[in-house]
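Notes for the one structure printed next.
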Amino acid sequence: MPVVAVIPEPNAEVELREVASPELEQDSALLEVELSEVCGTDVYLQRGLLQGVPYPLVPGHVSVGRLSKIRGGLFDVEGRPFREGDRVTFLDVHRICNACWYCLVAKATTRCPQRKVYGITYGLDDGLCGGWAEQIYLKPGTRCIRLEADAETFMAGGCALPTALHAVERGDIAIGDTVLVLGSGPVGINAIILSLMRSALKVICIGAPTHRLEAASQVGAFDVLNFEDFDERGRLDWVLEQTKGRGADVTIEATGAPDAVVQAMRFTRDAGRVVIVGQYTDHGPVSAEAAFNPHLDLNKKHLDVRGCWGSDFSHFYRGVQIVSDPVRSMPWLALKSNLHRYRLSEANEALADVAQGHVLKALIEPNEKTAA
Ligand SMILES: [Zn+2]
Ligand SMILES: [Zn+2]
């Protein structure tokens, strides 16, 4: 009987449970989990801040493991069959319908109403559908991706990798652009790496705390600023100094703070682009102090502001290829020193450390045996 870590209901502590191993349907598989991620979304899940979440829930939407049992056929996008023992990750989004208006006309599968997400909108009642568990049940139609990189290198990017890849794509970064990244959490750090890969001349970052800004510098940020030491005016002055008085060509907001959305617009040059990726959960409206002015902050600036919600198979797939490449994977190799591992029985500590920003990236190792 596999052991899983469960959030029984919003605002409750995570607890361990034993659940029955599933009967495999045709063309499904069982994954023996090596590593699963603890990210900001899991903190919000524990606090009950996401809509449409069925509790009790086994969190962990991005995981790596080995296929321990396959029933029927399981194929990668190149048509090659997976075999038992293969190391894979899989797209956490399941059941994109490819039949609805959003899938077919808007070509925005992240808005497909049929969409389900392992570890977020699949609860324990749907089966072994989260990564904080010894095993995950990969339902028929789950898109697995063969992983040639080692598990840790991939998880150094984790769910932030496809998210940031999507954000950078939305930002249409051009050769020689100066990119401003707001936020130095996992999405911000991955956005720095990928902006540079997408030929930004330089990337600057405003974030906190210091250890995260050090990681930002480590992966190539030209300069960093701790926002706790400066008010909005001070931050703007710093950005202007870095950009010949114009503001950033592209700003990627990856903070989770509503006011940062308005600041992202103010810190961007006229006719520049702003990508909002840090508001995946509802953090409420901007504050009265932020005082968004549609004329000054948006229209007169001729800004292009783009929302970026979730990621699709292409982002996931491209991310895996990049971290599996010996040269391109270097920035993530450098980030491995920022990984902190926890056993299943330590899931509450892991959540607390992520919530308080003590660690850049927390990973659950479900098959490291629980301390007695
Ligand atoms: Zn659809
Ligand atoms: Zn995540």
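Residues in the structure tokens are numbered from 1 in each chain, the chains being A, B, ... in the order shown, and ligands are numbered from 1 in the order shown.
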
Set the distance at 9 Å and use only C-alpha atoms: which residues neighbour A:Tyr102 once local chain neighbours fewer than 5 positions away are removed? I'd like the list as an mmCIF file with all heavy atoms, in the first residue's frame.
data_model
loop_
_atom_site.group_PDB
_atom_site.id
_atom_site.type_symbol
_atom_site.label_atom_id
_atom_site.label_comp_id
_atom_site.auth_asym_id
_atom_site.auth_seq_id
_atom_site.Cartn_x
_atom_site.Cartn_y
_atom_site.Cartn_z
ATOM 1 N N LYS A 107 -6.953 28.359 -29.597
ATOM 2 C CA LYS A 107 -5.672 27.659 -29.454
ATOM 3 C C LYS A 107 -5.006 27.999 -28.125
ATOM 4 O O LYS A 107 -3.814 28.276 -28.057
ATOM 5 C CB LYS A 107 -4.751 27.963 -30.636
ATOM 6 C CG LYS A 107 -5.311 27.392 -31.922
ATOM 7 C CD LYS A 107 -4.434 27.610 -33.113
ATOM 8 C CE LYS A 107 -5.108 27.005 -34.342
ATOM 9 N NZ LYS A 107 -4.562 27.413 -35.586
ATOM 10 N N ALA A 108 -5.825 28.036 -27.085
ATOM 11 C CA ALA A 108 -5.342 28.337 -25.736
ATOM 12 C C ALA A 108 -5.781 27.184 -24.841
ATOM 13 O O ALA A 108 -6.772 27.281 -24.119
ATOM 14 C CB ALA A 108 -5.917 29.663 -25.262
ATOM 15 N N THR A 109 -5.027 26.088 -24.910
ATOM 16 C CA THR A 109 -5.454 24.896 -24.171
ATOM 17 C C THR A 109 -5.392 25.106 -22.662
ATOM 18 O O THR A 109 -6.028 24.366 -21.919
ATOM 19 C CB THR A 109 -4.594 23.675 -24.541
ATOM 20 O OG1 THR A 109 -3.232 23.983 -24.242
ATOM 21 C CG2 THR A 109 -4.740 23.310 -26.004
ATOM 22 N N THR A 110 -4.627 26.119 -22.213
ATOM 23 C CA THR A 110 -4.596 26.339 -20.758
ATOM 24 C C THR A 110 -5.959 26.844 -20.267
ATOM 25 O O THR A 110 -6.200 26.852 -19.071
ATOM 26 C CB THR A 110 -3.501 27.350 -20.333
ATOM 27 O OG1 THR A 110 -3.779 28.627 -20.910
ATOM 28 C CG2 THR A 110 -2.117 26.890 -20.745
ATOM 29 N N ARG A 111 -6.816 27.267 -21.171
ATOM 30 C CA ARG A 111 -8.150 27.721 -20.759
ATOM 31 C C ARG A 111 -9.238 26.686 -21.081
ATOM 32 O O ARG A 111 -10.432 26.984 -20.987
ATOM 33 C CB ARG A 111 -8.489 29.066 -21.422
ATOM 34 C CG ARG A 111 -7.535 30.206 -21.098
ATOM 35 C CD ARG A 111 -7.274 30.417 -19.601
ATOM 36 N NE ARG A 111 -8.474 30.591 -18.821
ATOM 37 C CZ ARG A 111 -8.666 30.043 -17.619
ATOM 38 N NH1 ARG A 111 -7.739 29.288 -17.065
ATOM 39 N NH2 ARG A 111 -9.773 30.251 -16.967
ATOM 40 N N CYS A 112 -8.848 25.488 -21.455
ATOM 41 C CA CYS A 112 -9.826 24.433 -21.750
ATOM 42 C C CYS A 112 -10.608 24.094 -20.481
ATOM 43 O O CYS A 112 -10.023 23.780 -19.457
ATOM 44 C CB CYS A 112 -9.114 23.173 -22.256
ATOM 45 S SG CYS A 112 -10.219 21.762 -22.457
ATOM 46 N N PRO A 113 -11.937 24.139 -20.532
ATOM 47 C CA PRO A 113 -12.719 23.863 -19.323
ATOM 48 C C PRO A 113 -12.650 22.401 -18.854
ATOM 49 O O PRO A 113 -12.967 22.114 -17.710
ATOM 50 C CB PRO A 113 -14.152 24.242 -19.711
ATOM 51 C CG PRO A 113 -14.149 24.586 -21.148
ATOM 52 C CD PRO A 113 -12.764 24.536 -21.680
#

Close residues, A:His61 itself excluded, 8 Å, only C-alpha atoms, min 2 positions apart in chain, as an MDAnalysis selection string: chainID A and resid 36:37 59 63 92 117:120 130:131 159

9 Å from ligand 2 is the threshold here; counting only C-alpha atoms and all ligand atoms, which polymer residues fall inside it? Answer as a list of chain:residue names.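 Residues lying within 9 Å of ligand 2: A:Glu37, A:Val38, A:Cys39, A:Gly40, A:Thr41, A:Asp42, A:Gly60, A:His61, A:Val62, A:Gly158, A:Cys159, A:Ala160, A:Thr163.
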
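Using only C-alpha atoms for every distance, the candidate list A:Val203, A:Ile192, A:Ile276, A:Leu128 yields A:Leu128 as the residue closest to A:Glu32.
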
Residues within 6 Å of ligand 1, counting only C-alpha atoms and all ligand atoms, as a PyMOL selection string: chain A and resi 96-100+102-103+112-114

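The smallest atom-to-atom distance between A:Asp259 and any of A:Glu134, A:Glu349, A:Glu148, A:Glu232, using only C-alpha atoms, is found for A:Glu232.
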
Shell around A:Val323 at 10 Å using only C-alpha atoms, local window under 3 positions removed, as a ChimeraX atom specification: /A:147-150,153-157,161,318-320,326-333

Would you export the selected residues with N, CA, C and O atoms as a short mmCIF file (atom, residue, chain, number, x, y, z; two decimals), in the first residue's frame, please?
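Contents of the output file again-v2.cif:
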data_model
loop_
_atom_site.label_atom_id
_atom_site.label_comp_id
_atom_site.auth_asym_id
_atom_site.auth_seq_id
_atom_site.Cartn_x
_atom_site.Cartn_y
_atom_site.Cartn_z
N LEU A 147 13.08 11.54 -19.67
CA LEU A 147 14.00 12.49 -19.06
C LEU A 147 15.41 11.95 -19.14
O LEU A 147 15.73 10.93 -18.54
N GLU A 148 16.24 12.66 -19.92
CA GLU A 148 17.63 12.23 -20.00
C GLU A 148 18.49 12.92 -18.94
O GLU A 148 19.48 12.39 -18.49
N ALA A 149 18.07 14.11 -18.54
CA ALA A 149 18.79 14.81 -17.47
C ALA A 149 18.61 14.04 -16.17
O ALA A 149 17.69 13.23 -16.05
N ASP A 150 19.49 14.28 -15.19
CA ASP A 150 19.23 13.62 -13.91
C ASP A 150 18.06 14.34 -13.23
O ASP A 150 17.73 15.49 -13.54
N THR A 153 18.59 17.91 -11.70
CA THR A 153 18.78 19.04 -12.62
C THR A 153 17.43 19.51 -13.15
O THR A 153 17.13 20.70 -13.20
N PHE A 154 16.59 18.55 -13.52
CA PHE A 154 15.26 18.92 -14.00
C PHE A 154 14.47 19.61 -12.89
O PHE A 154 13.82 20.64 -13.11
N MET A 155 14.56 19.07 -11.69
CA MET A 155 13.76 19.64 -10.60
C MET A 155 14.32 20.98 -10.12
O MET A 155 13.61 21.73 -9.45
N ALA A 156 15.57 21.29 -10.46
CA ALA A 156 16.09 22.62 -10.14
C ALA A 156 15.27 23.67 -10.91
O ALA A 156 15.13 24.81 -10.48
N GLY A 157 14.74 23.27 -12.05
CA GLY A 157 13.79 24.12 -12.78
C GLY A 157 12.38 23.86 -12.28
O GLY A 157 11.68 24.77 -11.88
N LEU A 161 10.00 26.08 -14.54
CA LEU A 161 10.66 26.05 -15.85
C LEU A 161 9.65 26.22 -17.00
O LEU A 161 9.78 27.16 -17.78
N ARG A 318 9.82 21.55 -24.26
CA ARG A 318 11.02 22.35 -24.54
C ARG A 318 11.89 22.48 -23.30
O ARG A 318 13.12 22.43 -23.38
N GLY A 319 11.25 22.64 -22.15
CA GLY A 319 12.00 22.75 -20.89
C GLY A 319 12.83 21.51 -20.63
O GLY A 319 14.01 21.59 -20.25
N VAL A 320 12.21 20.34 -20.84
CA VAL A 320 12.94 19.09 -20.61
C VAL A 320 14.12 18.96 -21.57
O VAL A 320 15.21 18.53 -21.18
N PRO A 326 23.78 19.11 -22.42
CA PRO A 326 24.95 19.30 -21.55
C PRO A 326 25.37 20.77 -21.41
O PRO A 326 25.81 21.17 -20.34
N VAL A 327 25.24 21.55 -22.45
CA VAL A 327 25.68 22.95 -22.37
C VAL A 327 24.56 23.86 -21.83
O VAL A 327 24.76 24.61 -20.88
N ARG A 328 23.39 23.72 -22.41
CA ARG A 328 22.27 24.59 -22.02
C ARG A 328 21.82 24.40 -20.58
O ARG A 328 21.18 25.27 -19.99
N SER A 329 22.12 23.22 -20.03
CA SER A 329 21.63 22.93 -18.68
C SER A 329 22.47 23.58 -17.58
O SER A 329 22.11 23.52 -16.40
N MET A 330 23.60 24.21 -17.95
CA MET A 330 24.53 24.75 -16.95
C MET A 330 23.86 25.61 -15.86
O MET A 330 24.16 25.42 -14.68
N PRO A 331 22.98 26.56 -16.21
CA PRO A 331 22.41 27.39 -15.15
C PRO A 331 21.64 26.57 -14.11
O PRO A 331 21.65 26.88 -12.91
N TRP A 332 20.98 25.50 -14.57
CA TRP A 332 20.21 24.69 -13.62
C TRP A 332 21.13 23.82 -12.78
O TRP A 332 20.84 23.57 -11.60
N LEU A 333 22.24 23.40 -13.39
CA LEU A 333 23.23 22.66 -12.59
C LEU A 333 23.71 23.54 -11.45
O LEU A 333 23.87 23.09 -10.32
#

Skipping near chain neighbours, those fewer than 2 positions away, what residues fall within 7 Å of A:Ala355 using only C-alpha atoms, listed as a short mmCIF file (atom, residue, chain, number, x, y, z; two decimals) with C-alpha atoms, in the first residue's frame?
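After the write, around.cif holds the following:
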data_model
loop_
_atom_site.label_atom_id
_atom_site.label_comp_id
_atom_site.auth_asym_id
_atom_site.auth_seq_id
_atom_site.Cartn_x
_atom_site.Cartn_y
_atom_site.Cartn_z
CA GLY A 40 4.18 28.41 -4.01
CA VAL A 43 1.29 26.80 -0.08
CA LEU A 351 5.59 23.91 3.08
CA ALA A 352 6.58 26.26 5.89
CA ASP A 353 10.07 26.75 4.46
CA GLY A 357 11.06 31.93 1.52
#

For a test of reading the model, state the distance in Å between atom CA of A:Val262 and atom CA of A:Leu236, rounded to one decimal.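 Distance between the two atoms: 11.8 Å.
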
With distances taken over only C-alpha atoms, which residue among A:Ile136, A:Val64, A:Leu240, A:Ala216 lies nearest A:Ala20?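 Nearest to A:Ala20: A:Ile136.
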
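Proximity to A:Ser314 was assessed for A:Phe90, A:Trp132, A:Tyr44, A:Phe82 counting only C-alpha atoms; the smallest distance is recorded for A:Phe90.
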